[in-house]
Amino acid sequence: MKRLLKRDSNLNFEDEQGISNSIHLLKSEFLMKTIKASIYISLILLICLGYILLDFKPKIVFLNYIQIANFRPYSLNLNLTIGWTLFSSSIFLIFYLIKYIRLKFTPSLLKYIKEELNYIGFDFQKKYTSGLLFVLLNSISIVFMIYMDFEVLVFDNTIFSIFMRNLIIGYLVFSLVLPIIWIGLNDKYVVKIKENIFILFDFQYPIRKRKDHSPTLLGISLSSNRLCSRFNKPGKNAHTKICEIRWLPRNGNKVQKLSPFLHFHEFSVPINLQKQVLNIILALHEWDNNYERELNTLRYNIALSAKYKDYKALNRLGSFFTDFFRNF
């Protein structure tokens with residue numbers, strides 16, 4: 001099929017030679033991306049190791065003496081603040097870079113997908129929010145550390161002091177763990193259709209292992225936003241019907257199969273990307289009507305069942321009075 005849109009991308013999946021060249025380019029770009037991320041991880045680890053080995057204890061001393069109650073010179077020791085900042089930032093960046101390596105999107109592939117989706121009127125967006133979440137949460141942690149370095153927060157063996165100390169430790173763990181979890185679950189590439197409705201992209205190709213250049217090995221996994229709970233009967237019925245009509249797989253990968261929520265899933269190769277994206281978009285447009293229809297059917301059946309039960313109760317009551325008066 002001839003393209004009406006002129007390409008700026010270096011990738012071409014329309015013939016065997018183009019596929020071979022494209023996969024070679026993707027392999028080289030992925031290798032360079034992996035090397036750069038590995039170098040950054042090594043530098044971070046070296047800095048942390050150097051800090052530990054040298055027992056570096058930075059101090060900031062005011063050039064002008066700060067007069068306090070007893071008029072003695074005062075110096076500020078920021079051991080906790082700098083130590084926590086270095087530790088938390090290093091852990092977060094290492095997980096962030098590992099995620100960056102695991103995502104097999106390369107500059108050429110991203111450009112190719114953007115062109116394909118712009119051609120059918122949709123924008124391909126980067127949904128990376130873990131960095132902002134880490135900065136917000138860790139800023140509060142750093143404030144706690146500054147207070148402790150200033151000795152504004154001092155802990156002793158009283159019950160309240162122990163409670164506050166455990167509370168701060170719990171928040172420090174929370175401020176580091178939540179952004180790391182966010183990296184794995186929410187940092188993705190998406191096509192936003194409208195508010196709270198989107199399609200997630202995941203590129204699947206064992207670049208470092210395969211020598212085969214078959215285009216079927218170069219896959220893009222598509223997943224919709226969360227639709228409803230798996231235990232929602234009207235939603236499950238609507239999901240099954242739409243999947244059957246549009247030939248969509250009912251489950252995604254191994255992790256998605258364990259999800260308690262329903263999603264639409266699709267699998268595509270680059271040359272067929274537009275068609276598969278439109279297929280899952282149409283499924284999302286059909287979802288509201290089908291779900292509402294199934295919900296109305298369930299309500300009708302419940303109401304009908306209730307009326308039938310009332311009818312049976314009235315019938316039994318009528319039979320009782322008929323038999324009762326028949327005996328007189």
# chains A, B, ... in the order shown; residues from 1 in each chain; ligands from 1
>>> residues_around(residues="Thr240 of chain A", least_positions_apart="3", cutoff="12 Å", atoms="only C-alpha atoms", output="list of chain:residue names")
A:Arg230, A:Lys233, A:Pro234, A:Gly235, A:Lys236, A:Asn237, A:Cys243, A:Glu244, A:Ile245, A:Arg246, A:Trp247, A:Leu248, A:Pro249, A:Arg250, A:Asn251, A:Leu262, A:His263, A:Phe264, A:Ala283, A:Trp287, A:Asn290, A:Tyr291, A:Glu294
>>> closest_residue(among="A:Gly18, A:Lys127, A:Pro179, A:Phe30", to="Leu93 of chain A", atoms="only C-alpha atoms")
A:Pro179
>>> residues_around(residues="Ile146 of chain A", least_positions_apart="5", cutoff="12 Å", atoms="only C-alpha atoms", output="list in words")
Leu76, Asn77, Leu78, Asn79, Leu80, Thr81, Ile82, Gly83, Trp84, Thr85, Ser139, Ile140, Ser141, Glu151, Val152, Leu153 and Val154 of chain A
>>> select_by_dssp(residues="segment 117-316 of chain A", states="strand (DSSP E)", output="ChimeraX atom specification")
/A:124-127,188-194,197-204,219-224,228-229,261-262,265-268
>>> write_last_selection(atoms="N, CA and C atoms", output="tab-separated table (two decimals), in the first residue's frame")
chain	number	residue	atom	x	y	z
A	124	PHE	N	1.15	10.75	19.62
A	124	PHE	CA	1.88	9.77	20.42
A	124	PHE	C	2.62	10.52	21.51
A	125	GLN	N	2.29	10.23	22.79
A	125	GLN	CA	2.79	11.02	23.90
A	125	GLN	C	3.60	10.16	24.86
A	126	LYS	N	4.51	10.83	25.53
A	126	LYS	CA	5.32	10.19	26.56
A	126	LYS	C	4.68	10.45	27.91
A	127	LYS	N	4.30	9.40	28.60
A	127	LYS	CA	3.63	9.52	29.89
A	127	LYS	C	4.61	9.17	31.00
A	188	LYS	N	5.04	5.23	30.61
A	188	LYS	CA	4.82	4.53	29.35
A	188	LYS	C	4.60	5.53	28.23
A	189	TYR	N	4.47	4.98	27.02
A	189	TYR	CA	4.10	5.79	25.86
A	189	TYR	C	2.63	5.51	25.54
A	190	VAL	N	1.87	6.57	25.29
A	190	VAL	CA	0.43	6.40	25.12
A	190	VAL	C	-0.08	7.22	23.94
A	191	VAL	N	-1.25	6.81	23.45
A	191	VAL	CA	-2.06	7.63	22.55
A	191	VAL	C	-3.29	8.03	23.33
A	192	LYS	N	-3.42	9.32	23.60
A	192	LYS	CA	-4.56	9.81	24.37
A	192	LYS	C	-5.72	10.08	23.42
A	193	ILE	N	-6.84	9.41	23.65
A	193	ILE	CA	-8.02	9.57	22.80
A	193	ILE	C	-8.89	10.69	23.33
A	194	LYS	N	-9.23	10.62	24.61
A	194	LYS	CA	-9.88	11.72	25.32
A	194	LYS	C	-9.59	11.54	26.79
A	197	ILE	N	-9.13	8.16	28.69
A	197	ILE	CA	-9.20	7.07	27.71
A	197	ILE	C	-7.95	7.13	26.85
A	198	PHE	N	-7.16	6.07	26.87
A	198	PHE	CA	-5.88	6.08	26.17
A	198	PHE	C	-5.48	4.66	25.80
A	199	ILE	N	-4.42	4.56	24.99
A	199	ILE	CA	-3.86	3.27	24.60
A	199	ILE	C	-2.38	3.26	24.99
A	200	LEU	N	-1.97	2.22	25.70
A	200	LEU	CA	-0.57	2.07	26.09
A	200	LEU	C	0.18	1.27	25.04
A	201	PHE	N	1.45	1.66	24.79
A	201	PHE	CA	2.29	0.98	23.81
A	201	PHE	C	3.44	0.28	24.52
A	202	ASP	N	3.73	-0.92	24.06
A	202	ASP	CA	4.89	-1.65	24.55
A	202	ASP	C	5.55	-2.36	23.37
A	203	PHE	N	6.80	-2.04	23.10
A	203	PHE	CA	7.51	-2.62	21.97
A	203	PHE	C	8.13	-3.94	22.38
A	204	GLN	N	7.90	-4.99	21.61
A	204	GLN	CA	8.37	-6.34	21.96
A	204	GLN	C	9.24	-6.88	20.83
A	219	GLY	N	7.18	-6.73	17.20
A	219	GLY	CA	5.79	-6.53	17.62
A	219	GLY	C	5.60	-5.33	18.51
A	220	ILE	N	4.41	-4.75	18.43
A	220	ILE	CA	4.02	-3.64	19.30
A	220	ILE	C	2.74	-4.07	20.01
A	221	SER	N	2.81	-4.15	21.32
A	221	SER	CA	1.66	-4.55	22.13
A	221	SER	C	0.87	-3.31	22.53
A	222	LEU	N	-0.45	-3.35	22.29
A	222	LEU	CA	-1.33	-2.23	22.61
A	222	LEU	C	-2.30	-2.64	23.71
A	223	SER	N	-2.48	-1.78	24.69
A	223	SER	CA	-3.43	-2.05	25.78
A	223	SER	C	-4.20	-0.78	26.08
A	224	SER	N	-5.51	-0.92	26.28
A	224	SER	CA	-6.34	0.24	26.57
A	224	SER	C	-6.24	0.61	28.04
A	228	CYS	N	-13.16	-1.87	33.58
A	228	CYS	CA	-13.95	-2.15	34.78
A	228	CYS	C	-13.36	-3.39	35.45
A	229	SER	N	-13.95	-3.79	36.56
A	229	SER	CA	-13.47	-4.97	37.28
A	229	SER	C	-13.80	-6.25	36.50
A	261	PHE	N	-8.65	-6.09	36.61
A	261	PHE	CA	-9.44	-5.21	35.76
A	261	PHE	C	-9.39	-5.67	34.31
A	262	LEU	N	-10.41	-5.28	33.56
A	262	LEU	CA	-10.50	-5.61	32.14
A	262	LEU	C	-9.89	-4.49	31.29
A	265	HIS	N	-6.90	-5.43	24.45
A	265	HIS	CA	-5.53	-5.70	24.03
A	265	HIS	C	-5.48	-5.93	22.53
A	266	GLU	N	-4.38	-5.56	21.95
A	266	GLU	CA	-4.16	-5.80	20.52
A	266	GLU	C	-2.67	-5.96	20.29
A	267	PHE	N	-2.31	-6.68	19.25
A	267	PHE	CA	-0.91	-6.87	18.90
A	267	PHE	C	-0.72	-6.49	17.44
A	268	SER	N	0.35	-5.74	17.17
A	268	SER	CA	0.55	-5.24	15.82
A	268	SER	C	2.02	-5.35	15.43
>>> residues_around(residues="Ile91 of chain A", least_positions_apart="3", cutoff="12 Å", atoms="only C-alpha atoms", output="list in words")
Ile41, Ile44, Leu45, Cys48, Trp84, Thr85, Leu86, Phe87, Ser88, Ile94, Phe95, Tyr96, Leu97, Ile98, Phe134, Val173, Ser175, Leu176, Val177, Pro179 and Ile180 of chain A
>>> atom_distance(atom1="atom CA of Asp123 of chain A", atom2="atom CA of Pro107 of chain A")
16.0 Å
>>> residues_around(residues="segment 183-185 of chain A", least_positions_apart="5", cutoff="9 Å", atoms="only C-alpha atoms", output="ChimeraX atom specification")
/A:95-96,99,128-131,178
>>> atom_distance(atom1="atom CA of Met148 of chain A", atom2="atom CA of Tyr171 of chain A")
14.7 Å
